[in-house]
file start.tsv (TSV, C-alpha atoms and all ligand atoms)
chain	number	residue	atom	x	y	z
A	1	MET	CA	125.50	187.86	44.02
A	2	ASN	CA	124.91	184.17	44.55
A	3	GLY	CA	128.10	183.30	42.70
A	4	PRO	CA	129.90	180.18	43.85
A	5	ILE	CA	131.72	180.16	47.20
A	6	LEU	CA	134.58	177.76	47.85
A	7	ALA	CA	134.34	176.56	51.46
A	8	PHE	CA	136.79	174.65	53.67
A	9	GLU	CA	136.20	172.70	56.87
A	10	THR	CA	139.27	171.46	58.77
A	11	SER	CA	138.37	171.85	62.46
A	12	CYS	CA	138.90	168.24	63.48
A	13	ASP	CA	139.53	165.00	61.57
A	14	GLU	CA	137.66	165.51	58.30
A	15	THR	CA	139.03	167.63	55.46
A	16	GLY	CA	135.95	169.02	53.72
A	17	VAL	CA	135.89	171.21	50.60
A	18	ALA	CA	132.71	172.32	48.87
A	19	VAL	CA	131.40	174.71	46.28
A	20	VAL	CA	128.06	176.29	47.20
A	21	ALA	CA	126.06	178.79	45.16
A	22	GLY	CA	122.96	180.24	46.81
A	23	ASP	CA	120.84	177.27	47.90
A	24	ARG	CA	122.70	174.83	45.66
A	25	VAL	CA	125.60	172.57	46.60
A	26	LEU	CA	127.67	172.23	43.42
A	27	SER	CA	130.19	169.88	45.02
A	28	ASN	CA	131.05	168.56	48.46
A	29	VAL	CA	134.13	166.37	48.88
A	30	LEU	CA	135.44	164.89	52.08
A	31	SER	CA	138.53	163.03	53.19
A	32	SER	CA	138.03	161.28	56.48
A	33	GLN	CA	140.98	160.52	58.74
A	34	VAL	CA	139.07	158.03	60.87
A	35	GLU	CA	141.30	155.09	59.92
A	36	LEU	CA	144.44	157.08	60.59
A	37	HIS	CA	143.32	157.90	64.14
A	38	SER	CA	141.64	154.59	64.96
A	39	ARG	CA	144.89	152.89	65.97
A	40	PHE	CA	145.40	155.60	68.61
A	41	GLY	CA	141.81	155.22	69.86
A	42	GLY	CA	141.08	158.92	69.33
A	43	VAL	CA	141.97	162.00	67.28
A	44	VAL	CA	145.67	162.97	67.55
A	45	PRO	CA	145.86	166.76	66.86
A	46	GLU	CA	149.29	166.75	65.14
A	47	VAL	CA	148.33	163.82	62.92
A	48	ALA	CA	145.07	165.60	62.01
A	49	ALA	CA	146.86	168.84	61.03
A	50	ARG	CA	149.43	167.07	58.88
A	51	SER	CA	146.78	165.01	57.17
A	52	HIS	CA	144.78	168.17	56.31
A	53	VAL	CA	147.95	169.60	54.71
A	54	GLU	CA	148.34	166.48	52.60
A	55	ALA	CA	144.70	166.35	51.49
A	56	ILE	CA	143.68	169.96	50.96
A	57	ARG	CA	145.16	170.72	47.51
A	58	GLY	CA	143.86	167.56	45.89
A	59	LEU	CA	140.42	168.02	47.43
A	60	THR	CA	140.26	171.63	46.25
A	61	HIS	CA	140.91	170.53	42.66
A	62	GLN	CA	138.33	167.78	43.06
A	63	ALA	CA	135.69	170.17	44.46
A	64	LEU	CA	136.20	172.67	41.61
A	65	MET	CA	136.15	169.91	39.01
A	66	ASP	CA	133.01	168.29	40.44
A	67	ALA	CA	131.32	171.70	40.42
A	68	GLY	CA	132.46	172.29	36.86
A	69	ILE	CA	133.95	175.68	37.65
A	70	HIS	CA	137.32	177.44	37.64
A	71	LEU	CA	138.90	179.57	40.36
A	72	ASN	CA	138.05	182.62	38.23
A	73	ASP	CA	134.33	181.92	38.68
A	74	LEU	CA	134.42	182.21	42.48
A	75	GLU	CA	132.75	185.04	44.33
A	76	ALA	CA	134.28	184.35	47.76
A	77	VAL	CA	136.30	181.86	49.80
A	78	ALA	CA	135.29	180.66	53.28
A	79	ALA	CA	136.82	178.49	55.99
A	80	THR	CA	136.05	177.37	59.52
A	81	GLN	CA	137.49	179.87	62.01
A	82	GLY	CA	136.69	177.84	65.15
A	83	PRO	CA	135.97	176.10	67.42
A	84	GLY	CA	138.27	173.13	66.90
A	85	LEU	CA	141.87	171.94	67.05
A	86	VAL	CA	144.19	174.90	66.51
A	87	GLY	CA	146.63	173.16	64.15
A	88	ALA	CA	143.83	171.62	62.10
A	89	LEU	CA	141.93	174.92	61.86
A	90	LEU	CA	145.07	176.76	60.76
A	91	VAL	CA	145.51	174.56	57.71
A	92	GLY	CA	142.12	175.29	56.14
A	93	HIS	CA	141.96	178.88	57.33
A	94	SER	CA	145.42	179.83	56.00
A	95	PHE	CA	144.93	177.97	52.73
A	96	ALA	CA	141.56	179.64	52.13
A	97	LYS	CA	142.80	183.08	53.09
A	98	ALA	CA	145.83	182.81	50.79
A	99	LEU	CA	143.60	181.70	47.94
A	100	ALA	CA	141.14	184.56	48.54
A	101	TRP	CA	143.97	187.11	48.84
A	102	SER	CA	145.67	185.99	45.64
A	103	ARG	CA	142.38	186.18	43.72
A	104	ARG	CA	141.26	189.44	45.36
A	105	LEU	CA	138.13	187.77	46.66
A	106	PRO	CA	136.42	188.36	50.00
A	107	PHE	CA	137.32	185.87	52.74
A	108	LEU	CA	134.80	184.65	55.32
A	109	GLY	CA	135.85	182.99	58.58
A	110	ILE	CA	132.89	180.87	59.67
A	111	ASP	CA	131.84	179.56	63.08
A	112	HIS	CA	131.80	175.76	62.78
A	113	MET	CA	128.68	175.52	64.94
A	114	GLU	CA	126.85	178.02	62.75
A	115	GLY	CA	127.78	175.71	59.87
A	116	HIS	CA	125.98	172.86	61.65
A	117	LEU	CA	122.98	175.16	62.24
A	118	PHE	CA	122.80	175.82	58.49
A	119	SER	CA	123.28	172.16	57.51
A	120	PRO	CA	119.54	171.25	57.37
A	121	ARG	CA	119.13	173.96	54.71
A	122	LEU	CA	121.38	172.03	52.34
A	123	GLU	CA	118.52	169.59	51.82
A	124	TYR	CA	115.52	171.50	53.14
A	125	PRO	CA	115.46	175.09	51.79
A	126	ASP	CA	112.31	175.78	53.85
A	127	PHE	CA	114.15	175.19	57.14
A	128	ARG	CA	114.34	178.51	58.95
A	129	PRO	CA	114.24	180.05	62.44
A	130	PRO	CA	112.65	180.51	64.89
A	131	ALA	CA	113.83	177.05	65.84
A	132	VAL	CA	115.59	175.00	68.44
A	133	ALA	CA	118.65	173.07	67.27
A	134	LEU	CA	120.34	170.05	68.80
A	135	LEU	CA	124.04	169.96	67.93
A	136	ALA	CA	125.81	166.80	69.02
A	137	SER	CA	129.26	165.68	67.90
A	138	GLY	CA	132.55	164.40	69.26
A	139	GLY	CA	133.45	167.85	70.52
A	140	HIS	CA	130.10	169.48	71.32
A	141	THR	CA	126.65	168.94	72.68
A	142	GLN	CA	124.52	172.06	72.60
A	143	LEU	CA	120.93	173.15	72.48
A	144	VAL	CA	120.63	176.40	70.58
A	145	HIS	CA	117.67	178.74	70.35
A	146	MET	CA	117.83	180.12	66.81
A	147	ARG	CA	115.77	183.30	67.08
A	148	ASP	CA	116.79	184.29	63.57
A	149	TRP	CA	119.69	183.56	61.23
A	150	GLY	CA	122.69	185.04	62.98
A	151	ASP	CA	120.80	185.47	66.26
A	152	TYR	CA	121.52	182.48	68.47
A	153	ARG	CA	121.34	181.79	72.16
A	154	ILE	CA	122.99	178.72	73.66
A	155	LEU	CA	120.30	177.30	75.97
A	156	GLY	CA	122.41	174.49	77.32
A	157	GLU	CA	125.49	172.42	76.72
A	158	THR	CA	127.41	169.59	78.24
A	159	ILE	CA	129.06	170.12	81.59
A	160	ASP	CA	131.48	167.23	81.02
A	161	ASP	CA	131.74	164.94	77.96
A	162	ALA	CA	130.14	165.62	74.58
A	163	ALA	CA	127.58	163.03	73.46
A	164	GLY	CA	129.91	161.70	70.73
A	165	GLU	CA	132.75	161.51	73.24
A	166	ALA	CA	130.47	159.48	75.53
A	167	PHE	CA	129.72	157.09	72.65
A	168	ASP	CA	133.46	156.84	71.88
A	169	LYS	CA	134.55	156.25	75.50
A	170	LEU	CA	131.78	153.75	76.23
A	171	ALA	CA	132.53	151.82	73.04
A	172	ARG	CA	136.12	151.56	74.22
A	173	VAL	CA	135.16	150.02	77.58
A	174	MET	CA	132.87	147.62	75.72
A	175	GLY	CA	135.72	146.70	73.37
A	176	LEU	CA	133.89	147.95	70.29
A	177	GLY	CA	136.68	150.12	68.79
A	178	PHE	CA	136.87	153.67	67.41
A	179	PRO	CA	134.88	155.67	66.42
A	180	GLY	CA	132.47	154.42	69.03
A	181	GLY	CA	129.24	155.98	67.79
A	182	PRO	CA	128.90	153.95	64.59
A	183	ALA	CA	130.13	150.80	66.43
A	184	ILE	CA	127.47	151.14	69.16
A	185	ASP	CA	124.84	151.98	66.53
A	186	ARG	CA	125.65	148.74	64.64
A	187	ALA	CA	125.94	146.52	67.74
A	188	SER	CA	122.63	147.87	69.09
A	189	GLU	CA	120.73	146.58	66.10
A	190	ALA	CA	120.71	143.08	67.57
A	191	GLY	CA	120.30	144.22	71.19
A	192	ASP	CA	117.47	144.95	73.61
A	193	PRO	CA	117.42	148.65	74.65
A	194	ALA	CA	115.58	147.71	77.85
A	195	ALA	CA	118.08	145.01	78.90
A	196	VAL	CA	119.90	147.25	81.39
A	197	ARG	CA	118.48	150.45	82.87
A	198	PHE	CA	121.39	152.90	82.93
A	199	PRO	CA	120.92	156.34	84.58
A	200	ARG	CA	119.71	159.36	82.62
A	201	ALA	CA	120.93	162.75	83.84
A	202	LEU	CA	117.65	164.51	83.14
A	203	SER	CA	116.80	166.45	86.25
A	204	GLN	CA	119.95	168.48	86.88
A	205	ARG	CA	119.84	171.80	85.03
A	206	ARG	CA	117.04	171.57	82.50
A	207	HIS	CA	118.93	172.38	79.30
A	208	HIS	CA	122.41	171.15	80.21
A	209	PHE	CA	123.87	167.71	79.59
A	210	SER	CA	126.09	165.43	81.63
A	211	PHE	CA	127.35	162.03	80.53
A	212	SER	CA	130.01	161.29	83.15
A	213	GLY	CA	127.54	159.55	85.50
A	214	LEU	CA	126.56	157.18	82.72
A	215	LYS	CA	130.22	156.37	82.08
A	216	THR	CA	130.78	155.50	85.75
A	217	SER	CA	127.62	153.47	85.88
A	218	VAL	CA	128.50	151.42	82.77
A	219	ASN	CA	132.00	150.77	84.11
A	220	THR	CA	130.65	149.63	87.48
A	221	PHE	CA	128.02	147.49	85.80
A	222	LEU	CA	130.55	145.75	83.53
A	223	GLU	CA	132.96	145.09	86.43
A	224	LYS	CA	130.20	143.63	88.61
A	225	ALA	CA	128.78	141.54	85.78
A	226	ALA	CA	132.23	140.18	84.92
A	227	ARG	CA	132.82	139.22	88.59
A	228	SER	CA	129.46	137.49	88.89
A	229	GLY	CA	129.91	135.78	85.52
A	230	GLU	CA	126.48	137.01	84.40
A	231	LEU	CA	127.47	139.32	81.59
A	232	PRO	CA	124.60	140.24	79.27
A	233	SER	CA	125.37	140.14	75.56
A	234	ARG	CA	127.49	142.93	74.15
A	235	GLU	CA	124.58	143.84	71.88
A	236	ASP	CA	122.21	144.23	74.85
A	237	VAL	CA	124.68	146.46	76.71
A	238	ALA	CA	125.30	148.54	73.56
A	239	ALA	CA	121.57	149.00	72.91
A	240	SER	CA	120.97	149.95	76.56
A	241	VAL	CA	123.83	152.47	76.58
A	242	GLN	CA	122.59	153.96	73.31
A	243	GLU	CA	119.06	154.23	74.69
A	244	ALA	CA	120.28	156.11	77.77
A	245	ILE	CA	122.13	158.69	75.63
A	246	VAL	CA	119.31	158.99	73.09
A	247	ASP	CA	116.65	159.42	75.82
A	248	VAL	CA	118.50	162.40	77.25
A	249	LEU	CA	119.16	164.05	73.88
A	250	VAL	CA	115.53	163.66	72.78
A	251	GLN	CA	113.96	164.73	76.07
A	252	LYS	CA	116.13	167.83	76.45
A	253	THR	CA	115.43	168.87	72.86
A	254	LEU	CA	111.69	168.59	73.50
A	255	ASN	CA	112.08	170.58	76.73
A	256	ALA	CA	113.89	173.32	74.82
A	257	ALA	CA	111.12	173.46	72.21
A	258	GLU	CA	108.52	173.68	74.96
A	259	ASP	CA	110.33	176.44	76.87
A	260	THR	CA	111.02	178.60	73.81
A	261	GLY	CA	107.71	177.92	72.06
A	262	ALA	CA	109.66	176.87	68.94
A	263	ARG	CA	107.69	174.65	66.52
A	264	VAL	CA	110.71	173.89	64.35
A	265	ILE	CA	113.58	171.61	65.34
A	266	GLY	CA	116.91	171.50	63.51
A	267	ALA	CA	119.82	169.20	64.21
A	268	GLY	CA	123.38	168.49	63.20
A	269	GLY	CA	126.70	166.94	64.23
A	270	GLY	CA	128.07	163.43	63.84
A	271	VAL	CA	125.89	161.92	66.60
A	272	LEU	CA	122.80	162.79	64.55
A	273	ALA	CA	123.89	160.00	62.19
A	274	ASN	CA	122.70	157.62	64.94
A	275	ARG	CA	119.73	155.65	63.64
A	276	ARG	CA	117.98	155.24	66.96
A	277	LEU	CA	118.31	158.97	67.72
A	278	ARG	CA	116.93	159.90	64.29
A	279	ALA	CA	113.99	157.53	64.68
A	280	ARG	CA	113.15	158.66	68.20
A	281	LEU	CA	113.37	162.35	67.27
A	282	ALA	CA	111.11	161.72	64.29
A	283	ASP	CA	108.51	159.87	66.44
A	284	GLU	CA	108.46	162.32	69.31
A	285	THR	CA	108.33	165.48	67.18
A	286	ASP	CA	105.64	163.91	65.01
A	287	ARG	CA	103.49	163.19	68.08
A	288	ARG	CA	103.75	166.82	69.14
A	289	GLY	CA	103.21	168.29	65.67
A	290	LEU	CA	106.71	169.83	65.57
A	291	ASP	CA	108.61	170.16	62.27
A	292	LEU	CA	111.90	168.25	62.35
A	293	TYR	CA	114.79	168.90	59.97
A	294	VAL	CA	117.70	166.48	60.29
A	295	PRO	CA	120.14	166.32	57.37
A	296	SER	CA	121.21	162.98	55.90
A	297	PRO	CA	124.05	161.38	57.86
A	298	ARG	CA	126.75	162.53	55.40
A	299	LEU	CA	125.72	166.14	56.05
A	300	CYS	CA	125.45	165.62	59.83
A	301	VAL	CA	129.17	164.90	60.07
A	302	ASP	CA	131.61	167.75	59.48
A	303	ASN	CA	131.66	168.86	55.84
A	304	GLY	CA	132.53	171.85	53.66
A	305	ALA	CA	129.00	172.43	52.33
A	306	MET	CA	127.63	173.50	55.72
A	307	ILE	CA	130.44	176.08	56.01
A	308	GLY	CA	129.53	177.22	52.51
A	309	ALA	CA	125.85	177.56	53.43
A	310	ALA	CA	126.68	179.79	56.41
A	311	ALA	CA	129.11	181.76	54.21
A	312	VAL	CA	126.38	182.43	51.61
A	313	TYR	CA	124.30	184.05	54.36
A	314	ARG	CA	127.23	186.07	55.72
A	315	LEU	CA	128.26	187.27	52.25
A	316	GLU	CA	124.69	188.31	51.41
A	317	ARG	CA	124.81	190.55	54.45
A	318	GLY	CA	127.90	192.20	53.03
A	319	GLU	CA	130.23	190.71	55.62
A	320	ALA	CA	133.89	189.85	55.09
A	321	THR	CA	136.47	188.75	57.64
A	322	PRO	CA	139.45	191.10	58.09
A	323	TRP	CA	142.71	189.67	56.71
A	324	GLY	CA	144.31	189.93	60.13
A	325	ALA	CA	141.78	187.62	61.80
A	326	GLY	CA	143.22	184.33	62.98
A	327	VAL	CA	141.62	181.05	63.97
A	328	ASP	CA	139.83	180.79	67.31
A	329	PRO	CA	139.90	177.26	68.81
A	330	GLY	CA	137.54	178.33	71.63
A	331	LEU	CA	135.07	180.29	69.51
A	332	ARG	CA	131.59	180.58	71.06
A	333	LEU	CA	128.48	180.70	68.90
A	334	GLY	CA	127.47	184.31	68.27
A	335	ALA	CA	131.00	185.73	68.61
A	336	VAL	CA	131.83	186.04	64.88
B	401	LIG	O1	130.52	165.99	63.83
B	401	LIG	P1	131.57	164.95	63.86
B	401	LIG	O2	131.85	164.22	62.58
B	401	LIG	O3	132.95	165.53	64.30
B	401	LIG	C1	133.13	166.35	65.41
B	401	LIG	O4	133.37	165.80	66.50
B	401	LIG	O5	133.03	167.59	65.23
B	401	LIG	O6	131.18	163.92	65.00
B	401	LIG	C2	131.95	162.79	65.32
B	401	LIG	C3	131.28	162.06	66.47
B	401	LIG	C4	132.09	160.89	67.02
B	401	LIG	O7	132.14	161.00	68.43
B	401	LIG	C5	131.30	159.68	66.57
B	401	LIG	O8	131.41	158.59	67.47
B	401	LIG	C6	129.88	160.22	66.52
B	401	LIG	O9	130.03	161.53	66.04
B	401	LIG	N1	129.04	159.43	65.62
B	401	LIG	C7	127.99	158.71	66.05
B	401	LIG	C8	127.50	158.00	64.91
B	401	LIG	N2	128.27	158.36	63.84
B	401	LIG	C9	129.21	159.23	64.29
B	401	LIG	N3	127.44	158.58	67.26
B	401	LIG	C10	126.39	157.76	67.39
B	401	LIG	N4	125.88	157.04	66.35
B	401	LIG	C11	126.39	157.13	65.11
B	401	LIG	N5	125.88	156.42	64.12
B	402	ZN	ZN	131.14	169.41	63.92

call {"tool": "encode", "arguments": {"input": "start.tsv", "output": "structure tokens"}}
result
Amino acid sequence: MNGPILAFETSCDETGVAVVAGDRVLSNVLSSQVELHSRFGGVVPEVAARSHVEAIRGLTHQALMDAGIHLNDLEAVAATQGPGLVGALLVGHSFAKALAWSRRLPFLGIDHMEGHLFSPRLEYPDFRPPAVALLASGGHTQLVHMRDWGDYRILGETIDDAAGEAFDKLARVMGLGFPGGPAIDRASEAGDPAAVRFPRALSQRRHHFSFSGLKTSVNTFLEKAARSGELPSREDVAASVQEAIVDVLVQKTLNAAEDTGARVIGAGGGVLANRRLRARLADETDRRGLDLYVPSPRLCVDNGAMIGAAAVYRLERGEATPWGAGVDPGLRLGAV
């Protein structure tokens, strides 16, 4: 066991291919489609699927070469099974399954969110449940109680927009471009987070999230300010918007730790690349003596290595996905 696993991630707009062996990441290559989608102001599913098709063979060669191994050395092949965009998922899933079939290797269809849950392990081998994990990306915002590896309970999730989606939509109304998260992160550097007090949806449903009220409030604020001619600087608005989102994410994560008694916090998803969020999580967990494990930004965004890490665990348990299994765009954590 512990032979190399070739892992694919194609659920959204990043084509990720990695080789993982046990706790070690032998290679992890990524082709981002951000520029391709930026002129549309968001991810276009058909464009994403086609772009995965174009990138996947070259990236597979690259991943094997970087790892210094040949297809013959592989012990298994894994790919994201869901959740995600159906066309995008199909590309990686079918490619991986065909490769596994032709080499007579086991195939593992992996839950994308479980991949994020495993992502802190790529850099911190001592990260383990029981823990609470904050997963925040363009498609998801969830708080997960990890009772053990493979034993997860979703404590709360967003009832409207995902946190990354909120960043993206708010950046658009502020004229900051796509993707909005990094743009707001950068603009906030020169802004005052206390300049405007935007609402925080903290009280409704303890572990659930809602960002639609914030969106309305920012829109109303910008319209009023433009009419009155007293528009604060773009940097101040960006920093204030960021603070409102970060406050909610941090507070709800702390609530989840308190309610479950977890002393370990994990995190993942593109929004965890946000510098203010990382700093605030570090401060607040430190003050409470909680152990925080947030991967480096390049492992917070979607990548093949996290799928590989989850696949290592699944393979060790003797699991393999039946050849007839298809992708599942609406997959819920715990269903695989
Ligand atoms: O996990 P991810 O790469 O893809 C999925 O959506 O699954 O996350 C992308 C999201 C986008 O909404 C993007 O705006 C957000 O993560 N994001 C950030 C930052 N970097 C990426 N949000 C806030 N601050 C950032 N620095
Ligand atoms: Zn993701």

call {"tool": "closest_residue", "arguments": {"input": "start.tsv", "among": "A:Asp66, A:Glu230, A:Asp111, A:Glu46", "to": "ligand ZN 402 (chain B)", "atoms": "all atoms listed in the file"}}
result
A:Asp111

call {"tool": "atom_distance", "arguments": {"input": "start.tsv", "atom1": "atom CA of Leu71 of chain A", "atom2": "atom CA of Leu99 of chain A"}}
result
9.2 Å

call {"tool": "closest_residue", "arguments": {"input": "start.tsv", "among": "A:Asp148, A:Asp13, A:Asp286, A:Glu316", "to": "Ala49 of chain A", "atoms": "all atoms listed in the file"}}
result
A:Asp13

call {"tool": "closest_residue", "arguments": {"input": "start.tsv", "among": "A:Phe209, A:Phe118, A:Tyr124, A:Phe167", "to": "ligand ZN 402 (chain B)", "atoms": "all atoms listed in the file"}}
result
A:Phe118

call {"tool": "residues_near_ligand", "arguments": {"input": "start.tsv", "ligand": "ligand ZN 402 (chain B)", "cutoff": "7 Å", "atoms": "all atoms listed in the file", "output": "list of chain:residue names"}}
result
A:His112, A:Met113, A:His116, A:Ser137, A:Gly269, A:Gly270, A:Val301, A:Asp302

call {"tool": "residues_near_ligand", "arguments": {"input": "start.tsv", "ligand": "ligand LIG 401 (chain B)", "cutoff": "7 Å", "atoms": "all atoms listed in the file", "output": "PyMOL selection string"}}
result
chain A and resi 12+137-140+164-165+167-168+179-182+184-185+269-275+300-302

call {"tool": "atom_distance", "arguments": {"input": "start.tsv", "atom1": "atom CA of Arg197 of chain A", "atom2": "atom CA of Arg172 of chain A"}}
result
19.7 Å

call {"tool": "atom_distance", "arguments": {"input": "start.tsv", "atom1": "atom CA of His61 of chain A", "atom2": "atom CA of Val25 of chain A"}}
result
15.9 Å

call {"tool": "closest_residue", "arguments": {"input": "start.tsv", "among": "A:Leu143, A:Leu281, A:Gly41, A:Pro129", "to": "Val173 of chain A", "atoms": "only C-alpha atoms"}}
result
A:Gly41
